[in-house]
Amino acid sequence: MAERSDAIPFRKFDAIFTVNKEIIARINQHPSSVLVDFAYSLKIEEGRKTLELVEQKITKQKKQLLTCWKPSVQLRPIKDLFNDKIDWTCKRFEDVVHLNDQLHEVCHKYEMFEGTSPALEAIQNFLTNMEILQQLLGEIESILQPPDSKMQEVTPQIQAINTFLSQAKKRSEERANTLNLHMASVLTWDPQQNSGLHIDGNILSNDMYGNWNSCLSQERYSSGVHSWSFKITPLQFIGVMSASNLVPAQGVPIGYLSGWSWCDGKKYASGSVTAFGTGWKDGDVVKMTLDVDKGTLSYALNGRDVGIAFDNLPKQEYKVGVTFCGGHHMTYLP
């Protein structure tokens with residue numbers, strides 16, 4: 001017995017209907033919470049001082065995603081031969097589910113026409129609409145699929161940054177160790193080059209309120225790198241002078257008329273004043289480093305490098321010099 005002419009269209013139609021039911025079942029069984037994106041941030045591991053990439057999952061409710069979904073195409077209306085009053089409008093997931101069942105039921109009513117040409121045309125139109133429903137279900141299922149994590153892609157970049165930071169830290173420590181070879185310079189205050197400060201070992205104090213007084217070191221420095229640290233109070237001038245100069249008179253700080261110094265966020269060089277570094281507070285530790293060979297004078301504050309204040313010092317002998325006013329004191333930290 002020959003196969004009816006409508007047998008193949010009906011098989012295709014039923015196969016698509018079955019797949020659509022499977023997709024609908026997967027959508028209905030999908031968890032209510034849907035992973036939609038990832039957020040990434042960096043945090044510093046305090047103990048190791050390295051960067052760590054943190055991935056945070058961003059989720060939305062499945063109901064919210066289905067509500068926001070908009071179909072990309074609409075179904076093609078077919079003549080209502082059996083007065084089924086099909087609503088061809090498709091706006092929501094529920095509409096797709098309802099139309100999938102309704103079209104399947106109505107389409108099979110055309111079996112009674114036994115493959116006549118008008119019936120075949122109608123069946124083909126139902127088949128086209130069933131394919132459109134499958135396309136829409138694919139769109140809906142795709143919005144429920146989780147995105148790919150970027151952790152594997154980004155982690156090697158973070159590791160490269162951590163390696164760079166570790167190497168930079170190692171180089172910095174090696175440089176600090178090299179500089180520390182030059183940090184043992186001797187310093188004693190010269191009572192003959194003192195305009196009024198009280199000397200008590202490593203401690204200088206000024207009991208003359210209202211007066212700016214200075215003191216120079218006994219030692220002369222003509223070559224190499226030398227460094228000294230001082231525990232200070234604000235408004236104290238710390239610098240160097242030519243060893244051939246006498247201590248400045250009362251009221252004239254180091255660097256005002258001669259010499260070079262740093263004081264509370266400003267640097268002074270023979271009358272010129274320029275902003276440099278930050279201000280000081282009581283108890284800060286200032287480190288001054290003189291490189292006679294390179295002609296540089298640099299500073300650090302509380303262990304943090306401030307930079308080179310002067311880079312054109314003439315090649316000559318130098319003495320350390322400090323200036324501060326009455327009521328203050330300074331401690332040299334050997």
# chains A, B, ... in the order shown; residues from 1 in each chain; ligands from 1
call {"tool": "residues_around", "arguments": {"residues": "region 279-289 of chain A", "least_positions_apart": "4", "cutoff": "9 Å", "atoms": "only C-alpha atoms", "output": "list in words"}}
result
Met183, Val225, His226, Ser227, Trp228, Ser229, Phe230, Lys231, Ile232, Thr233, Pro234, Leu235, Ile238, Gly239, Cys263, Asp264, Gly265, Lys266, Thr296, Leu297, Ser298, Tyr299, Ala300, Leu301, Asn302, Gly303, Asp305 and Leu333 of chain A
call {"tool": "select_by_dssp", "arguments": {"residues": "region 88-332 of chain A", "states": "alpha helix (DSSP H)", "output": "JSON, numbers by chain"}}
result
{"A": [93, 94, 95, 96, 97, 98, 99, 100, 101, 102, 103, 104, 105, 106, 107, 117, 118, 119, 120, 121, 122, 123, 124, 125, 126, 127, 128, 129, 130, 131, 132, 133, 134, 135, 136, 137, 138, 139, 140, 141, 142, 143, 151, 152, 153, 154, 155, 156, 157, 158, 159, 160, 161, 162, 163, 164, 165, 166, 167, 168, 169, 170, 171, 172, 173, 174, 175, 176, 177, 178, 179, 180]}
call {"tool": "atom_distance", "arguments": {"atom1": "CA of Leu165 (chain A)", "atom2": "CA of Val54 (chain A)"}}
result
18.7 Å
call {"tool": "closest_atom_pairs", "arguments": {"of": "region 114-188 of chain A", "to": "region 16-19 of chain A", "cutoff": "10 Å", "atoms": "only C-alpha atoms", "output": "tab-separated table"}}
result
residue	atom	partner	partner_atom	distance
A:Leu127	CA	A:Ile16	CA	8.3
A:Met130	CA	A:Ile16	CA	6.8
A:Glu131	CA	A:Ile16	CA	6.9
A:Leu133	CA	A:Phe17	CA	9.0
A:Gln134	CA	A:Ile16	CA	7.3
call {"tool": "select_by_dssp", "arguments": {"residues": "region 80-295 of chain A", "states": "strand (DSSP E)", "output": "ChimeraX atom specification"}}
result
/A:189-194,198-200,203-205,212-217,225-231,236-242,260-263,266-269,272-275,285-291
call {"tool": "closest_residue", "arguments": {"among": "A:Tyr256, A:Phe93, A:Trp88, A:Trp212", "to": "Leu65 (chain A)", "atoms": "only C-alpha atoms"}}
result
A:Phe93
call {"tool": "atom_distance", "arguments": {"atom1": "CA of Phe13 (chain A)", "atom2": "CA of Pro31 (chain A)"}}
result
29.7 Å
call {"tool": "closest_residue", "arguments": {"among": "A:Gln102, A:Gln193, A:Thr274, A:Ser223", "to": "Asp84 (chain A)", "atoms": "only C-alpha atoms"}}
result
A:Gln102
call {"tool": "decode", "arguments": {"residues": "region 286-301 of chain A", "atoms": "all heavy atoms", "output": "PDB file, in the first residue's frame"}}
result
ATOM      1  N   VAL A 286      63.883  61.452  60.034  1.00  0.00           N
ATOM      2  CA  VAL A 286      64.385  61.920  58.741  1.00  0.00           C
ATOM      3  C   VAL A 286      65.771  61.325  58.513  1.00  0.00           C
ATOM      4  O   VAL A 286      66.643  61.416  59.375  1.00  0.00           O
ATOM      5  CB  VAL A 286      64.463  63.459  58.692  1.00  0.00           C
ATOM      6  CG1 VAL A 286      65.143  63.922  57.406  1.00  0.00           C
ATOM      7  CG2 VAL A 286      63.068  64.062  58.796  1.00  0.00           C
ATOM      8  N   LYS A 287      65.935  60.706  57.364  1.00  0.00           N
ATOM      9  CA  LYS A 287      67.257  60.192  56.983  1.00  0.00           C
ATOM     10  C   LYS A 287      67.794  61.055  55.838  1.00  0.00           C
ATOM     11  O   LYS A 287      67.094  61.288  54.847  1.00  0.00           O
ATOM     12  CB  LYS A 287      67.176  58.731  56.552  1.00  0.00           C
ATOM     13  CG  LYS A 287      68.532  58.174  56.078  1.00  0.00           C
ATOM     14  CD  LYS A 287      68.405  56.762  55.517  1.00  0.00           C
ATOM     15  CE  LYS A 287      68.217  55.762  56.632  1.00  0.00           C
ATOM     16  NZ  LYS A 287      68.238  54.350  56.120  1.00  0.00           N
ATOM     17  N   MET A 288      69.007  61.516  55.980  1.00  0.00           N
ATOM     18  CA  MET A 288      69.662  62.323  54.956  1.00  0.00           C
ATOM     19  C   MET A 288      70.872  61.559  54.420  1.00  0.00           C
ATOM     20  O   MET A 288      71.657  61.008  55.202  1.00  0.00           O
ATOM     21  CB  MET A 288      70.107  63.666  55.534  1.00  0.00           C
ATOM     22  CG  MET A 288      70.849  64.557  54.535  1.00  0.00           C
ATOM     23  SD  MET A 288      71.257  66.178  55.230  1.00  0.00           S
ATOM     24  CE  MET A 288      72.466  65.710  56.484  1.00  0.00           C
ATOM     25  N   THR A 289      71.000  61.502  53.098  1.00  0.00           N
ATOM     26  CA  THR A 289      72.115  60.794  52.466  1.00  0.00           C
ATOM     27  C   THR A 289      72.859  61.748  51.545  1.00  0.00           C
ATOM     28  O   THR A 289      72.259  62.346  50.644  1.00  0.00           O
ATOM     29  CB  THR A 289      71.615  59.576  51.668  1.00  0.00           C
ATOM     30  OG1 THR A 289      70.906  58.694  52.548  1.00  0.00           O
ATOM     31  CG2 THR A 289      72.783  58.838  51.028  1.00  0.00           C
ATOM     32  N   LEU A 290      74.144  61.857  51.778  1.00  0.00           N
ATOM     33  CA  LEU A 290      75.019  62.708  50.971  1.00  0.00           C
ATOM     34  C   LEU A 290      75.940  61.829  50.137  1.00  0.00           C
ATOM     35  O   LEU A 290      76.678  61.011  50.681  1.00  0.00           O
ATOM     36  CB  LEU A 290      75.846  63.631  51.880  1.00  0.00           C
ATOM     37  CG  LEU A 290      76.978  64.421  51.206  1.00  0.00           C
ATOM     38  CD1 LEU A 290      76.417  65.458  50.234  1.00  0.00           C
ATOM     39  CD2 LEU A 290      77.866  65.084  52.275  1.00  0.00           C
ATOM     40  N   ASP A 291      75.869  61.994  48.818  1.00  0.00           N
ATOM     41  CA  ASP A 291      76.805  61.326  47.913  1.00  0.00           C
ATOM     42  C   ASP A 291      77.741  62.409  47.378  1.00  0.00           C
ATOM     43  O   ASP A 291      77.385  63.151  46.453  1.00  0.00           O
ATOM     44  CB  ASP A 291      76.052  60.636  46.770  1.00  0.00           C
ATOM     45  CG  ASP A 291      76.962  59.753  45.921  1.00  0.00           C
ATOM     46  OD1 ASP A 291      78.164  60.076  45.813  1.00  0.00           O
ATOM     47  OD2 ASP A 291      76.466  58.761  45.356  1.00  0.00           O
ATOM     48  N   VAL A 292      78.891  62.509  47.996  1.00  0.00           N
ATOM     49  CA  VAL A 292      79.826  63.580  47.632  1.00  0.00           C
ATOM     50  C   VAL A 292      80.318  63.407  46.196  1.00  0.00           C
ATOM     51  O   VAL A 292      80.462  64.383  45.447  1.00  0.00           O
ATOM     52  CB  VAL A 292      81.017  63.612  48.609  1.00  0.00           C
ATOM     53  CG1 VAL A 292      81.969  64.752  48.250  1.00  0.00           C
ATOM     54  CG2 VAL A 292      80.527  63.757  50.051  1.00  0.00           C
ATOM     55  N   ASP A 293      80.554  62.169  45.792  1.00  0.00           N
ATOM     56  CA  ASP A 293      81.100  61.916  44.453  1.00  0.00           C
ATOM     57  C   ASP A 293      80.098  62.282  43.358  1.00  0.00           C
ATOM     58  O   ASP A 293      80.477  62.836  42.327  1.00  0.00           O
ATOM     59  CB  ASP A 293      81.505  60.450  44.321  1.00  0.00           C
ATOM     60  CG  ASP A 293      82.570  60.065  45.349  1.00  0.00           C
ATOM     61  OD1 ASP A 293      83.443  60.914  45.635  1.00  0.00           O
ATOM     62  OD2 ASP A 293      82.516  58.940  45.867  1.00  0.00           O
ATOM     63  N   LYS A 294      78.825  61.975  43.574  1.00  0.00           N
ATOM     64  CA  LYS A 294      77.802  62.298  42.573  1.00  0.00           C
ATOM     65  C   LYS A 294      77.208  63.685  42.765  1.00  0.00           C
ATOM     66  O   LYS A 294      76.481  64.190  41.907  1.00  0.00           O
ATOM     67  CB  LYS A 294      76.675  61.262  42.622  1.00  0.00           C
ATOM     68  CG  LYS A 294      77.091  59.879  42.154  1.00  0.00           C
ATOM     69  CD  LYS A 294      75.900  58.944  42.147  1.00  0.00           C
ATOM     70  CE  LYS A 294      76.276  57.564  41.639  1.00  0.00           C
ATOM     71  NZ  LYS A 294      75.109  56.644  41.620  1.00  0.00           N
ATOM     72  N   GLY A 295      77.494  64.317  43.910  1.00  0.00           N
ATOM     73  CA  GLY A 295      76.959  65.650  44.169  1.00  0.00           C
ATOM     74  C   GLY A 295      75.470  65.668  44.442  1.00  0.00           C
ATOM     75  O   GLY A 295      74.767  66.590  44.013  1.00  0.00           O
ATOM     76  N   THR A 296      74.954  64.651  45.156  1.00  0.00           N
ATOM     77  CA  THR A 296      73.516  64.582  45.445  1.00  0.00           C
ATOM     78  C   THR A 296      73.261  64.577  46.936  1.00  0.00           C
ATOM     79  O   THR A 296      74.061  64.075  47.730  1.00  0.00           O
ATOM     80  CB  THR A 296      72.892  63.314  44.837  1.00  0.00           C
ATOM     81  OG1 THR A 296      73.502  62.155  45.409  1.00  0.00           O
ATOM     82  CG2 THR A 296      73.058  63.284  43.329  1.00  0.00           C
ATOM     83  N   LEU A 297      72.122  65.137  47.295  1.00  0.00           N
ATOM     84  CA  LEU A 297      71.661  65.121  48.681  1.00  0.00           C
ATOM     85  C   LEU A 297      70.212  64.641  48.645  1.00  0.00           C
ATOM     86  O   LEU A 297      69.350  65.295  48.034  1.00  0.00           O
ATOM     87  CB  LEU A 297      71.754  66.511  49.315  1.00  0.00           C
ATOM     88  CG  LEU A 297      71.459  66.594  50.821  1.00  0.00           C
ATOM     89  CD1 LEU A 297      72.492  65.811  51.620  1.00  0.00           C
ATOM     90  CD2 LEU A 297      71.434  68.055  51.285  1.00  0.00           C
ATOM     91  N   SER A 298      69.939  63.495  49.263  1.00  0.00           N
ATOM     92  CA  SER A 298      68.599  62.907  49.218  1.00  0.00           C
ATOM     93  C   SER A 298      68.086  62.652  50.625  1.00  0.00           C
ATOM     94  O   SER A 298      68.847  62.644  51.594  1.00  0.00           O
ATOM     95  CB  SER A 298      68.608  61.608  48.404  1.00  0.00           C
ATOM     96  OG  SER A 298      69.534  60.689  48.953  1.00  0.00           O
ATOM     97  N   TYR A 299      66.759  62.414  50.703  1.00  0.00           N
ATOM     98  CA  TYR A 299      66.126  62.265  52.010  1.00  0.00           C
ATOM     99  C   TYR A 299      65.122  61.110  51.999  1.00  0.00           C
ATOM    100  O   TYR A 299      64.600  60.721  50.941  1.00  0.00           O
ATOM    101  CB  TYR A 299      65.386  63.549  52.398  1.00  0.00           C
ATOM    102  CG  TYR A 299      66.296  64.728  52.661  1.00  0.00           C
ATOM    103  CD1 TYR A 299      66.669  65.582  51.621  1.00  0.00           C
ATOM    104  CD2 TYR A 299      66.784  64.988  53.937  1.00  0.00           C
ATOM    105  CE1 TYR A 299      67.504  66.673  51.857  1.00  0.00           C
ATOM    106  CE2 TYR A 299      67.613  66.072  54.183  1.00  0.00           C
ATOM    107  CZ  TYR A 299      67.971  66.909  53.147  1.00  0.00           C
ATOM    108  OH  TYR A 299      68.801  67.976  53.379  1.00  0.00           O
ATOM    109  N   ALA A 300      64.869  60.593  53.193  1.00  0.00           N
ATOM    110  CA  ALA A 300      63.803  59.622  53.427  1.00  0.00           C
ATOM    111  C   ALA A 300      63.065  60.047  54.693  1.00  0.00           C
ATOM    112  O   ALA A 300      63.659  60.662  55.586  1.00  0.00           O
ATOM    113  CB  ALA A 300      64.353  58.204  53.582  1.00  0.00           C
ATOM    114  N   LEU A 301      61.767  59.747  54.736  1.00  0.00           N
ATOM    115  CA  LEU A 301      60.955  60.109  55.896  1.00  0.00           C
ATOM    116  C   LEU A 301      60.276  58.851  56.413  1.00  0.00           C
ATOM    117  O   LEU A 301      59.509  58.205  55.699  1.00  0.00           O
ATOM    118  CB  LEU A 301      59.904  61.155  55.508  1.00  0.00           C
ATOM    119  CG  LEU A 301      58.986  61.657  56.635  1.00  0.00           C
ATOM    120  CD1 LEU A 301      59.785  62.372  57.719  1.00  0.00           C
ATOM    121  CD2 LEU A 301      57.905  62.591  56.067  1.00  0.00           C
TER     122      LEU A 301
END
